[in-house]
>>> print(open('run-v7.tsv').read())   # TSV, C-alpha atoms (C1' of nucleotides)
chain	number	residue	atom	x	y	z
A	1	MET	CA	0.00	0.00	0.00
A	2	ASN	CA	2.91	2.36	0.52
A	3	ASP	CA	5.50	0.97	-1.85
A	4	ARG	CA	7.66	3.65	-3.48
A	5	HIS	CA	7.86	1.93	-6.83
A	6	GLU	CA	4.12	1.40	-7.03
A	7	GLN	CA	3.55	5.00	-6.04
A	8	TRP	CA	5.88	6.19	-8.75
A	9	GLN	CA	4.08	4.17	-11.37
A	10	ALA	CA	0.78	5.66	-10.23
A	11	ALA	CA	2.28	9.14	-10.48
A	12	GLU	CA	3.39	8.58	-14.06
A	13	ARG	CA	0.03	7.10	-15.00
A	14	LEU	CA	-1.73	10.09	-13.51
A	15	ALA	CA	0.58	12.38	-15.47
A	16	LEU	CA	-0.48	10.70	-18.71
A	17	THR	CA	-4.12	11.23	-17.82
A	18	LEU	CA	-3.46	14.88	-17.10
A	19	THR	CA	-1.92	15.07	-20.57
A	20	GLU	CA	-5.19	13.75	-22.02
A	21	GLY	CA	-6.84	16.58	-20.14
A	22	GLY	CA	-4.87	19.16	-22.07
A	23	LEU	CA	-1.71	19.76	-20.05
A	24	GLN	CA	1.66	19.49	-21.74
A	25	ARG	CA	3.63	16.36	-21.03
A	26	MET	CA	6.28	17.84	-18.79
A	27	ALA	CA	3.85	20.12	-16.99
A	28	ALA	CA	1.73	17.06	-16.24
A	29	ARG	CA	4.67	15.11	-14.85
A	30	THR	CA	5.66	18.10	-12.74
A	31	LEU	CA	2.15	18.40	-11.35
A	32	ALA	CA	2.27	14.72	-10.46
A	33	VAL	CA	5.37	15.40	-8.35
A	34	PHE	CA	3.46	18.12	-6.48
A	35	LEU	CA	0.66	15.66	-5.83
A	36	PHE	CA	2.73	12.68	-4.72
A	37	THR	CA	5.59	14.25	-2.79
A	38	ASP	CA	5.62	13.51	0.92
A	39	ALA	CA	7.03	16.95	1.65
A	40	GLU	CA	4.82	19.98	2.11
A	41	THR	CA	6.69	22.01	-0.49
A	42	VAL	CA	9.17	21.26	-3.29
A	43	THR	CA	11.94	23.13	-5.07
A	44	MET	CA	12.86	23.05	-8.75
A	45	GLY	CA	15.87	20.92	-7.84
A	46	ASP	CA	13.60	18.36	-6.15
A	47	ILE	CA	11.47	18.11	-9.28
A	48	ALA	CA	14.46	17.76	-11.60
A	49	ASP	CA	15.91	15.01	-9.39
A	50	GLN	CA	12.63	13.16	-9.08
A	51	LEU	CA	11.85	13.21	-12.79
A	52	GLY	CA	15.41	12.97	-14.03
A	53	VAL	CA	15.01	15.88	-16.45
A	54	SER	CA	16.92	19.07	-17.14
A	55	ALA	CA	16.60	22.23	-15.07
A	56	GLY	CA	15.40	23.96	-18.21
A	57	SER	CA	12.40	21.68	-18.57
A	58	VAL	CA	11.45	22.15	-14.95
A	59	SER	CA	11.71	25.91	-15.26
A	60	GLY	CA	9.31	25.92	-18.19
A	61	SER	CA	6.83	23.57	-16.55
A	62	VAL	CA	6.75	25.42	-13.23
A	63	LYS	CA	6.25	28.67	-15.08
A	64	SER	CA	3.24	27.31	-16.93
A	65	LEU	CA	1.72	25.72	-13.82
A	66	LEU	CA	2.11	29.04	-12.01
A	67	SER	CA	0.51	30.94	-14.87
A	68	VAL	CA	-2.65	28.84	-14.78
A	69	GLY	CA	-2.79	28.98	-10.99
A	70	LEU	CA	-2.28	25.30	-10.18
A	71	ILE	CA	0.72	25.88	-7.92
A	72	GLU	CA	1.96	28.81	-5.89
A	73	ARG	CA	5.33	30.18	-4.92
A	74	LEU	CA	5.82	30.43	-1.19
A	75	PRO	CA	7.36	33.43	0.52
A	76	ALA	CA	10.94	32.20	0.65
A	77	PRO	CA	12.15	31.92	4.26
A	78	GLY	CA	15.55	33.42	3.59
A	79	SER	CA	16.55	30.52	1.40
A	80	ARG	CA	18.24	30.66	-1.94
A	81	ARG	CA	15.85	28.15	-3.42
A	82	GLU	CA	12.29	28.98	-4.30
A	83	HIS	CA	9.68	26.74	-2.74
A	84	TYR	CA	6.42	25.81	-4.44
A	85	ARG	CA	3.33	23.81	-3.57
A	86	LEU	CA	0.01	22.74	-5.00
A	87	ARG	CA	-2.73	25.32	-4.50
A	88	GLU	CA	-5.75	24.34	-2.42
A	89	ASP	CA	-8.21	25.17	-5.19
A	90	ALA	CA	-6.07	23.65	-7.93
A	91	TRP	CA	-8.73	21.38	-9.41
A	92	ALA	CA	-11.48	23.92	-9.61
A	93	THR	CA	-8.92	26.22	-11.22
A	94	LEU	CA	-7.92	23.61	-13.78
A	95	PHE	CA	-11.57	23.05	-14.61
A	96	SER	CA	-12.21	26.75	-15.06
A	97	THR	CA	-9.15	27.14	-17.27
A	98	GLN	CA	-10.34	24.38	-19.54
A	99	ASN	CA	-13.68	26.09	-19.79
A	100	THR	CA	-12.24	29.14	-21.46
A	101	VAL	CA	-12.70	26.92	-24.49
A	102	VAL	CA	-16.44	27.21	-23.93
A	103	GLN	CA	-16.15	30.98	-24.17
A	104	LEU	CA	-14.13	30.73	-27.36
A	105	MET	CA	-16.69	28.39	-28.91
A	106	LEU	CA	-19.49	30.76	-27.98
A	107	GLN	CA	-17.71	33.71	-29.53
A	108	ALA	CA	-16.83	31.74	-32.66
A	109	ALA	CA	-20.46	30.70	-33.06
A	110	GLU	CA	-21.71	34.25	-32.65
A	111	THR	CA	-19.36	35.80	-35.17
A	112	SER	CA	-20.12	32.95	-37.57
A	113	ILE	CA	-23.85	33.51	-37.32
A	114	ALA	CA	-23.30	37.11	-38.31
A	115	THR	CA	-21.93	35.93	-41.68
A	116	THR	CA	-25.04	33.92	-42.58
A	117	ALA	CA	-28.47	34.86	-43.87
A	118	ALA	CA	-31.48	33.87	-41.77
A	119	ASN	CA	-32.80	31.43	-44.37
A	120	ASP	CA	-29.44	29.66	-44.80
A	121	PRO	CA	-29.31	26.15	-43.27
A	122	ALA	CA	-25.95	27.17	-41.80
A	123	HIS	CA	-27.76	29.84	-39.79
A	124	ARG	CA	-29.84	27.22	-38.03
A	125	ARG	CA	-26.88	24.93	-37.34
A	126	LEU	CA	-24.72	27.71	-35.97
A	127	SER	CA	-27.58	28.94	-33.81
A	128	GLN	CA	-27.90	25.51	-32.24
A	129	MET	CA	-24.21	25.58	-31.51
A	130	ARG	CA	-24.45	29.00	-29.95
A	131	ASP	CA	-27.44	28.00	-27.81
A	132	PHE	CA	-25.60	25.03	-26.39
A	133	TYR	CA	-22.44	26.89	-25.47
A	134	GLN	CA	-24.42	29.79	-24.10
A	135	PHE	CA	-26.21	27.33	-21.84
A	136	LEU	CA	-22.92	25.78	-20.71
A	137	PHE	CA	-21.41	29.18	-20.10
A	138	GLN	CA	-24.29	30.11	-17.82
A	139	GLU	CA	-24.05	26.86	-15.91
A	140	ILE	CA	-20.35	26.92	-15.05
A	141	PRO	CA	-20.57	29.47	-12.21
A	142	THR	CA	-23.54	27.57	-10.77
A	143	LEU	CA	-21.58	24.35	-10.88
A	144	LEU	CA	-18.55	25.81	-9.13
A	145	HIS	CA	-20.79	27.37	-6.52
A	146	ARG	CA	-22.35	23.99	-5.81
A	147	TRP	CA	-18.85	22.56	-5.48
A	148	GLN	CA	-17.99	25.10	-2.81
A	149	GLN	CA	-21.15	24.23	-0.92
A	150	HIS	CA	-20.43	20.53	-1.29
A	151	GLN	CA	-16.96	21.11	0.14
A	152	ALA	CA	-18.34	23.10	3.05
A	153	THR	CA	-20.50	20.18	4.11
A	154	ARG	CA	-17.49	17.87	4.12
A	155	PRO	CA	-14.72	20.04	5.55
A	156	GLY	CA	-11.17	18.91	4.97
B	1	MET	CA	-23.47	39.87	-43.97
B	2	ASN	CA	-23.55	37.01	-46.49
B	3	ASP	CA	-20.19	37.38	-48.16
B	4	ARG	CA	-18.60	34.05	-49.13
B	5	HIS	CA	-15.07	35.08	-48.29
B	6	GLU	CA	-16.02	36.37	-44.88
B	7	GLN	CA	-17.95	33.20	-44.21
B	8	TRP	CA	-14.98	31.07	-45.16
B	9	GLN	CA	-12.73	32.98	-42.81
B	10	ALA	CA	-15.23	32.47	-40.01
B	11	ALA	CA	-15.30	28.74	-40.78
B	12	GLU	CA	-11.53	28.43	-40.55
B	13	ARG	CA	-11.45	30.43	-37.33
B	14	LEU	CA	-14.11	28.20	-35.85
B	15	ALA	CA	-12.08	25.16	-36.91
B	16	LEU	CA	-9.10	26.47	-34.97
B	17	THR	CA	-11.25	26.92	-31.90
B	18	LEU	CA	-12.53	23.37	-32.23
B	19	THR	CA	-8.90	22.27	-32.32
B	20	GLU	CA	-8.37	24.03	-28.99
B	21	GLY	CA	-11.26	21.97	-27.76
B	22	GLY	CA	-9.44	18.74	-28.49
B	23	LEU	CA	-10.40	17.80	-32.05
B	24	GLN	CA	-7.68	17.01	-34.55
B	25	ARG	CA	-6.94	19.71	-37.06
B	26	MET	CA	-8.43	18.10	-40.12
B	27	ALA	CA	-11.43	16.73	-38.23
B	28	ALA	CA	-12.09	20.26	-36.99
B	29	ARG	CA	-11.91	21.73	-40.51
B	30	THR	CA	-14.22	19.01	-41.76
B	31	LEU	CA	-16.72	19.71	-39.01
B	32	ALA	CA	-16.61	23.38	-39.99
B	33	VAL	CA	-17.65	22.41	-43.52
B	34	PHE	CA	-20.65	20.53	-42.11
B	35	LEU	CA	-21.60	23.62	-40.11
B	36	PHE	CA	-21.22	26.21	-42.85
B	37	THR	CA	-22.39	24.43	-45.98
B	38	ASP	CA	-25.58	25.78	-47.50
B	39	ALA	CA	-26.59	22.28	-48.58
B	40	GLU	CA	-28.49	19.93	-46.30
B	41	THR	CA	-25.94	17.14	-46.78
B	42	VAL	CA	-22.39	16.85	-48.09
B	43	THR	CA	-20.28	14.16	-49.73
B	44	MET	CA	-16.61	13.41	-49.21
B	45	GLY	CA	-15.90	14.97	-52.57
B	46	ASP	CA	-17.60	18.20	-51.48
B	47	ILE	CA	-15.42	18.35	-48.40
B	48	ALA	CA	-12.21	17.66	-50.31
B	49	ASP	CA	-13.08	20.38	-52.85
B	50	GLN	CA	-14.02	22.91	-50.19
B	51	LEU	CA	-10.91	22.36	-48.07
B	52	GLY	CA	-8.51	21.62	-50.92
B	53	VAL	CA	-7.15	18.50	-49.24
B	54	SER	CA	-6.62	14.89	-50.31
B	55	ALA	CA	-9.38	12.29	-50.39
B	56	GLY	CA	-7.36	10.29	-47.88
B	57	SER	CA	-7.47	13.05	-45.29
B	58	VAL	CA	-11.21	13.47	-45.73
B	59	SER	CA	-11.76	9.74	-45.35
B	60	GLY	CA	-9.89	9.71	-42.03
B	61	SER	CA	-11.64	12.81	-40.69
B	62	VAL	CA	-15.12	11.66	-41.60
B	63	LYS	CA	-14.41	8.30	-40.01
B	64	SER	CA	-13.39	9.92	-36.74
B	65	LEU	CA	-16.35	12.33	-36.72
B	66	LEU	CA	-18.66	9.38	-37.31
B	67	SER	CA	-17.05	7.39	-34.50
B	68	VAL	CA	-17.66	10.10	-31.92
B	69	GLY	CA	-21.22	10.66	-33.18
B	70	LEU	CA	-20.90	14.23	-34.45
B	71	ILE	CA	-22.08	13.43	-37.98
B	72	GLU	CA	-24.23	10.69	-39.49
B	73	ARG	CA	-24.32	8.82	-42.79
B	74	LEU	CA	-27.64	9.14	-44.56
B	75	PRO	CA	-29.41	6.20	-46.19
B	76	ALA	CA	-28.08	6.66	-49.71
B	77	PRO	CA	-30.93	7.12	-52.20
B	78	GLY	CA	-29.49	4.84	-54.85
B	79	SER	CA	-26.52	7.15	-55.37
B	80	ARG	CA	-22.91	6.19	-55.77
B	81	ARG	CA	-21.77	8.85	-53.34
B	82	GLU	CA	-22.32	8.62	-49.60
B	83	HIS	CA	-24.04	11.61	-48.03
B	84	TYR	CA	-23.36	12.88	-44.53
B	85	ARG	CA	-24.72	15.60	-42.28
B	86	LEU	CA	-24.25	17.09	-38.83
B	87	ARG	CA	-26.24	15.28	-36.15
B	88	GLU	CA	-28.89	17.22	-34.26
B	89	ASP	CA	-27.37	16.48	-30.86
B	90	ALA	CA	-23.79	17.03	-32.04
B	91	TRP	CA	-22.81	19.56	-29.38
B	92	ALA	CA	-24.11	17.67	-26.40
B	93	THR	CA	-22.32	14.63	-27.82
B	94	LEU	CA	-19.05	16.51	-28.17
B	95	PHE	CA	-19.36	17.73	-24.59
B	96	SER	CA	-19.99	14.22	-23.29
B	97	THR	CA	-17.06	12.83	-25.21
B	98	GLN	CA	-14.74	15.38	-23.73
B	99	ASN	CA	-15.94	14.44	-20.29
B	100	THR	CA	-14.58	10.94	-20.51
B	101	VAL	CA	-11.46	12.72	-19.31
B	102	VAL	CA	-13.27	13.37	-16.03
B	103	GLN	CA	-13.76	9.64	-15.60
B	104	LEU	CA	-10.10	8.96	-16.31
B	105	MET	CA	-9.05	11.56	-13.76
B	106	LEU	CA	-11.33	10.07	-11.16
B	107	GLN	CA	-9.96	6.59	-11.73
B	108	ALA	CA	-6.36	7.83	-11.69
B	109	ALA	CA	-6.98	9.59	-8.38
B	110	GLU	CA	-8.54	6.53	-6.82
B	111	THR	CA	-5.78	4.15	-7.77
B	112	SER	CA	-3.23	6.72	-6.65
B	113	ILE	CA	-4.82	7.09	-3.23
B	114	ALA	CA	-4.50	3.35	-2.76
B	115	THR	CA	-0.71	3.68	-2.95
B	116	THR	CA	-0.49	6.21	-0.11
B	117	ALA	CA	-0.66	5.92	3.66
B	118	ALA	CA	-3.37	7.86	5.47
B	119	ASN	CA	-0.90	10.15	7.24
B	120	ASP	CA	1.00	11.02	4.05
B	121	PRO	CA	0.41	14.57	2.80
B	122	ALA	CA	-0.04	13.02	-0.64
B	123	HIS	CA	-3.06	11.17	0.68
B	124	ARG	CA	-4.82	14.42	1.49
B	125	ARG	CA	-3.95	16.02	-1.86
B	126	LEU	CA	-5.08	13.05	-3.89
B	127	SER	CA	-8.30	12.84	-1.87
B	128	GLN	CA	-9.09	16.43	-2.73
B	129	MET	CA	-8.52	15.61	-6.36
B	130	ARG	CA	-10.81	12.59	-6.17
B	131	ASP	CA	-13.55	14.53	-4.39
B	132	PHE	CA	-13.59	17.19	-7.09
B	133	TYR	CA	-13.79	14.82	-10.02
B	134	GLN	CA	-16.34	12.66	-8.24
B	135	PHE	CA	-18.45	15.78	-7.85
B	136	LEU	CA	-18.06	16.70	-11.52
B	137	PHE	CA	-18.86	13.18	-12.60
B	138	GLN	CA	-22.12	13.26	-10.67
B	139	GLU	CA	-23.07	16.62	-12.09
B	140	ILE	CA	-22.67	15.86	-15.79
B	141	PRO	CA	-25.91	13.90	-16.23
B	142	THR	CA	-27.79	16.61	-14.34
B	143	LEU	CA	-26.33	19.26	-16.58
B	144	LEU	CA	-27.27	17.47	-19.80
B	145	HIS	CA	-30.75	16.86	-18.47
B	146	ARG	CA	-31.15	20.57	-17.79
B	147	TRP	CA	-29.99	21.24	-21.36
B	148	GLN	CA	-32.72	19.02	-22.73
B	149	GLN	CA	-35.31	20.84	-20.64
B	150	HIS	CA	-33.92	24.19	-21.72
B	151	GLN	CA	-34.20	23.11	-25.35
B	152	ALA	CA	-37.78	21.94	-24.85
B	153	THR	CA	-38.83	25.40	-23.67
B	154	ARG	CA	-37.35	26.98	-26.79
B	155	PRO	CA	-38.22	24.55	-29.56
B	156	GLY	CA	-36.25	24.83	-32.80
C	1	DG	C1'	-19.61	-8.60	-66.17
C	2	DG	C1'	-16.56	-4.93	-67.10
C	3	DA	C1'	-15.44	-0.21	-66.64
C	4	DA	C1'	-15.27	3.79	-63.91
C	5	DG	C1'	-16.18	6.52	-59.97
C	6	DG	C1'	-15.81	6.65	-55.06
C	7	DG	C1'	-13.72	5.21	-50.75
C	8	DT	C1'	-9.95	3.16	-47.89
C	9	DT	C1'	-5.41	2.21	-46.48
C	10	DC	C1'	-0.75	2.95	-45.55
C	11	DA	C1'	4.22	4.18	-46.28
C	12	DG	C1'	6.68	8.09	-46.24
C	13	DA	C1'	7.09	13.29	-46.32
C	14	DA	C1'	6.06	17.51	-44.00
C	15	DA	C1'	4.95	19.99	-40.06
C	16	DG	C1'	4.70	20.64	-35.31
C	17	DT	C1'	5.90	19.80	-30.54
C	18	DT	C1'	8.85	18.94	-26.71
C	19	DC	C1'	13.25	18.31	-24.34
C	20	DT	C1'	17.97	19.19	-23.62
C	21	DG	C1'	22.22	21.57	-22.87
C	22	DA	C1'	24.78	25.46	-22.57
C	23	DA	C1'	25.17	30.27	-21.98
C	24	DG	C1'	23.44	34.23	-19.62
C	25	DA	C1'	20.91	36.57	-15.81
C	26	DT	C1'	19.71	36.92	-11.04
C	27	DT	C1'	20.03	36.59	-6.16
C	28	DC	C1'	21.91	35.46	-1.68
C	29	DG	C1'	25.74	35.07	1.56
C	30	DC	C1'	29.83	36.67	2.90
D	1	DG	C1'	30.98	44.00	-4.43
D	2	DC	C1'	32.46	39.06	-5.45
D	3	DG	C1'	31.45	34.25	-5.85
D	4	DA	C1'	28.47	30.53	-5.97
D	5	DA	C1'	24.19	28.43	-6.39
D	6	DT	C1'	19.86	28.82	-8.67
D	7	DC	C1'	16.92	29.98	-12.28
D	8	DT	C1'	15.82	31.48	-17.18
D	9	DT	C1'	16.18	31.47	-22.02
D	10	DC	C1'	16.75	29.71	-26.46
D	11	DA	C1'	18.80	27.22	-30.51
D	12	DG	C1'	18.75	22.93	-32.14
D	13	DA	C1'	18.03	17.69	-31.66
D	14	DA	C1'	14.74	14.10	-31.04
D	15	DC	C1'	10.37	12.68	-31.22
D	16	DT	C1'	5.45	12.74	-32.43
D	17	DT	C1'	1.66	13.89	-35.09
D	18	DT	C1'	-0.57	14.84	-39.33
D	19	DC	C1'	-1.19	14.94	-44.35
D	20	DT	C1'	-0.46	13.34	-48.88
D	21	DG	C1'	-0.36	10.36	-52.86
D	22	DA	C1'	-0.65	6.16	-54.95
D	23	DA	C1'	-2.21	1.55	-54.93
D	24	DC	C1'	-6.01	-1.21	-53.92
D	25	DC	C1'	-10.92	-2.52	-53.10
D	26	DC	C1'	-15.84	-2.03	-53.64
D	27	DT	C1'	-20.07	-0.72	-55.72
D	28	DT	C1'	-22.96	1.06	-59.30
D	29	DC	C1'	-24.32	1.53	-63.95
D	30	DC	C1'	-24.70	0.16	-68.58
>>> encode(input="run-v7.tsv", output="structure tokens")
Amino acid sequence: MNDRHEQWQAAERLALTLTEGGLQRMAARTLAVFLFTDAETVTMGDIADQLGVSAGSVSGSVKSLLSVGLIERLPAPGSRREHYRLREDAWATLFSTQNTVVQLMLQAAETSIATTAANDPAHRRLSQMRDFYQFLFQEIPTLLHRWQQHQATRPG
Amino acid sequence: MNDRHEQWQAAERLALTLTEGGLQRMAARTLAVFLFTDAETVTMGDIADQLGVSAGSVSGSVKSLLSVGLIERLPAPGSRREHYRLREDAWATLFSTQNTVVQLMLQAAETSIATTAANDPAHRRLSQMRDFYQFLFQEIPTLLHRWQQHQATRPG
DNA sequence: GGAAGGGTTCAGAAAGTTCTGAAGATTCGC
DNA sequence: GCGAATCTTCAGAACTTTCTGAACCCTTCC
């Protein structure tokens, strides 16, 4: 149940799944380190050691994970190394990020509709597309709100 | 408002957005043809002409769009060419397909938790991940049900 | 039943993505 | 301020994905 090798395999498998979800390969592997480490925080050196990759790769991955808000830099306690950790709301954040696609789809549908005449079959098809993404777009805040409530009932 | 060139640009832009959403490039461009055509159905030849790509590419794209249920083959009325069109529930289908990732995440989290001890910080992090995706997984059917109701109130 | 159009497949070319390694920038400790 | 450790950047190598083109198969029509 607590075997290091087994745990490592699970981490790499999870990284592959994260890749399916849209993250870049190295960013996914880096995130897996943040999830599986038994320390509270990690440094870039830790990540490079754990994954056996170059410092350059780690730098790029950490930068991208920071930019989407999945990890955070901790106020360095007088150390030379920067410490990072997974953010508490990482998963809700990841979900929200992925849903910017919904916005893009909605916008694309709307501008496309504007290029069609009302009696064109394309007008009807694009309107259906717009309606669906408009619906989704409305529902996302509701969904995240329900998640917060759900969390409140089962406090960590 | 009905300029062919403008419409074509919109189609290609929409195709790029679909690519962001996880579709392959050529499949996305093909889907754009299905959306923007002023005919009720299209043939593979139509698509190849419109996009200026090889018959091989079109064959592959159409196959993949069929497999995920975004388009359908029509009962051919004694013609040599196969006719296809966008399915009515294409967008809900696309959304559902993309949410298989949620299932994969949930499974990955669960198997990962099994490799950690209860007092390991990783255990807590992975549990948070599982809780979120379990929540999402529960909510998807509800969401699609609400979409159907929403559609019923505004009939096409 | 044979010819021709339409569709499929797949090897290889083209394009795109990702990682490394090395050089440069930055920051902390002294 | 100087030196050392850490981090960043970026050109190019390695790898992956995607598209084409040509050969092959299947079906329709005469």
>>> interface_residues(input="run-v7.tsv", of="chain B", to="chain A", cutoff="8 Å", atoms="all atoms listed in the file", output="PyMOL selection string")
chain B and resi 1-3+6-7+10-11+13-14+17-18+20-22+35-40+91-92+101+104-105+108-109+111-112+114-117+120-122+125-126+129+132+135+139+143+147
>>> interface_residues(input="run-v7.tsv", of="chain C", to="chain A", cutoff="10 Å", atoms="all atoms listed in the file", output="list in words")
DT17, DT18, DC19, DT20, DG21, DT27, DC28 and DG29 of chain C
>>> residues_around(input="run-v7.tsv", residues="C:DA23", least_positions_apart="4", cutoff="12 Å", atoms="all atoms listed in the file", output="short mmCIF file (atom, residue, chain, number, x, y, z; two decimals) with C-alpha atoms (C1' of nucleotides), keeping the file's coordinate frame")
data_model
loop_
_atom_site.label_atom_id
_atom_site.label_comp_id
_atom_site.auth_asym_id
_atom_site.auth_seq_id
_atom_site.Cartn_x
_atom_site.Cartn_y
_atom_site.Cartn_z
"C1'" DT D 8 15.82 31.48 -17.18
"C1'" DT D 9 16.18 31.47 -22.02
"C1'" DC D 10 16.75 29.71 -26.46
"C1'" DA D 11 18.80 27.22 -30.51
#
>>> residues_near_point(input="run-v7.tsv", point="(-20.6, -2.0, -59.7)", cutoff="12 Å", atoms="all atoms listed in the file", output="list in words")
Ser79 and Arg80 of chain B; DG1, DG2, DA3, DA4, DG5 and DG6 of chain C; DC25, DC26, DT27, DT28, DC29 and DC30 of chain D
>>> closest_residue(input="run-v7.tsv", among="B:Ile71, B:Glu82, B:Thr93, B:Ile47", to="chain D", atoms="only C-alpha atoms (C1' of nucleotides)")
B:Glu82
>>> interface_residues(input="run-v7.tsv", of="chain D", to="chain A", cutoff="8 Å", atoms="all atoms listed in the file", output="list of chain:residue names")
D:DA5, D:DT6, D:DC7, D:DT8
>>> residues_around(input="run-v7.tsv", residues="D:DC24", least_positions_apart="5", cutoff="12 Å", atoms="all atoms listed in the file", output="list in words")
DG7, DT8, DT9 and DC10 of chain C
>>> atom_distance(input="run-v7.tsv", atom1="atom CA of A:Asp46", atom2="atom CA of A:Leu66")
16.7 Å
>>> atom_distance(input="run-v7.tsv", atom1="atom C1' of D:DT16", atom2="atom C1' of C:DA14")
12.5 Å
>>> atom_distance(input="run-v7.tsv", atom1="atom C1' of C:DA11", atom2="atom CA of B:Gln50")
26.4 Å
>>> axis_aligned_box(input="run-v7.tsv", around="stretch 3-17 of chain D", padding_each_side="8 Å", output="AutoDock Vina command-line options")
--center_x 16.6 --center_y 23.5 --center_z -20.5 --size_x 45.8 --size_y 37.6 --size_z 45.2
>>> residues_around(input="run-v7.tsv", residues="B:Leu65", least_positions_apart="4", cutoff="8 Å", atoms="only C-alpha atoms (C1' of nucleotides)", output="list in words")
Ala27, Leu31, Ser61, Gly69, Leu70 and Ile71 of chain B
>>> build_atoms(input="run-v7.tsv", residues="stretch 20-31 of chain A", atoms="N, CA, C and O atoms", output="JSON list (two decimals), in the frame of the given file")
[["chain", "number", "residue", "atom", "x", "y", "z"],
["A", 20, "GLU", "N", -3.92, 13.88, -21.28],
["A", 20, "GLU", "CA", -5.19, 13.75, -22.02],
["A", 20, "GLU", "C", -6.06, 14.97, -21.76],
["A", 20, "GLU", "O", -6.78, 15.43, -22.63],
["A", 21, "GLY", "N", -5.99, 15.46, -20.53],
["A", 21, "GLY", "CA", -6.84, 16.58, -20.14],
["A", 21, "GLY", "C", -6.37, 17.92, -20.66],
["A", 21, "GLY", "O", -6.96, 18.94, -20.37],
["A", 22, "GLY", "N", -5.27, 17.93, -21.42],
["A", 22, "GLY", "CA", -4.87, 19.16, -22.07],
["A", 22, "GLY", "C", -3.55, 19.75, -21.59],
["A", 22, "GLY", "O", -3.04, 20.66, -22.22],
["A", 23, "LEU", "N", -3.00, 19.24, -20.49],
["A", 23, "LEU", "CA", -1.71, 19.76, -20.05],
["A", 23, "LEU", "C", -0.59, 19.23, -20.94],
["A", 23, "LEU", "O", -0.71, 18.16, -21.53],
["A", 24, "GLN", "N", 0.49, 19.98, -21.01],
["A", 24, "GLN", "CA", 1.66, 19.49, -21.74],
["A", 24, "GLN", "C", 2.33, 18.41, -20.93],
["A", 24, "GLN", "O", 2.22, 18.35, -19.71],
["A", 25, "ARG", "N", 3.05, 17.55, -21.64],
["A", 25, "ARG", "CA", 3.63, 16.36, -21.03],
["A", 25, "ARG", "C", 4.45, 16.68, -19.77],
["A", 25, "ARG", "O", 4.21, 16.12, -18.69],
["A", 26, "MET", "N", 5.39, 17.58, -19.92],
["A", 26, "MET", "CA", 6.28, 17.84, -18.79],
["A", 26, "MET", "C", 5.56, 18.56, -17.66],
["A", 26, "MET", "O", 5.82, 18.31, -16.49],
["A", 27, "ALA", "N", 4.65, 19.43, -18.00],
["A", 27, "ALA", "CA", 3.85, 20.12, -16.99],
["A", 27, "ALA", "C", 3.03, 19.10, -16.20],
["A", 27, "ALA", "O", 2.90, 19.19, -14.97],
["A", 28, "ALA", "N", 2.52, 18.10, -16.89],
["A", 28, "ALA", "CA", 1.73, 17.06, -16.24],
["A", 28, "ALA", "C", 2.60, 16.25, -15.28],
["A", 28, "ALA", "O", 2.19, 15.97, -14.14],
["A", 29, "ARG", "N", 3.78, 15.89, -15.72],
["A", 29, "ARG", "CA", 4.67, 15.11, -14.85],
["A", 29, "ARG", "C", 5.07, 15.94, -13.62],
["A", 29, "ARG", "O", 5.18, 15.42, -12.51],
["A", 30, "THR", "N", 5.30, 17.22, -13.85],
["A", 30, "THR", "CA", 5.66, 18.10, -12.74],
["A", 30, "THR", "C", 4.52, 18.18, -11.73],
["A", 30, "THR", "O", 4.74, 18.09, -10.52],
["A", 31, "LEU", "N", 3.31, 18.33, -12.23],
["A", 31, "LEU", "CA", 2.15, 18.40, -11.35],
["A", 31, "LEU", "C", 2.02, 17.12, -10.54],
["A", 31, "LEU", "O", 1.68, 17.14, -9.34]]
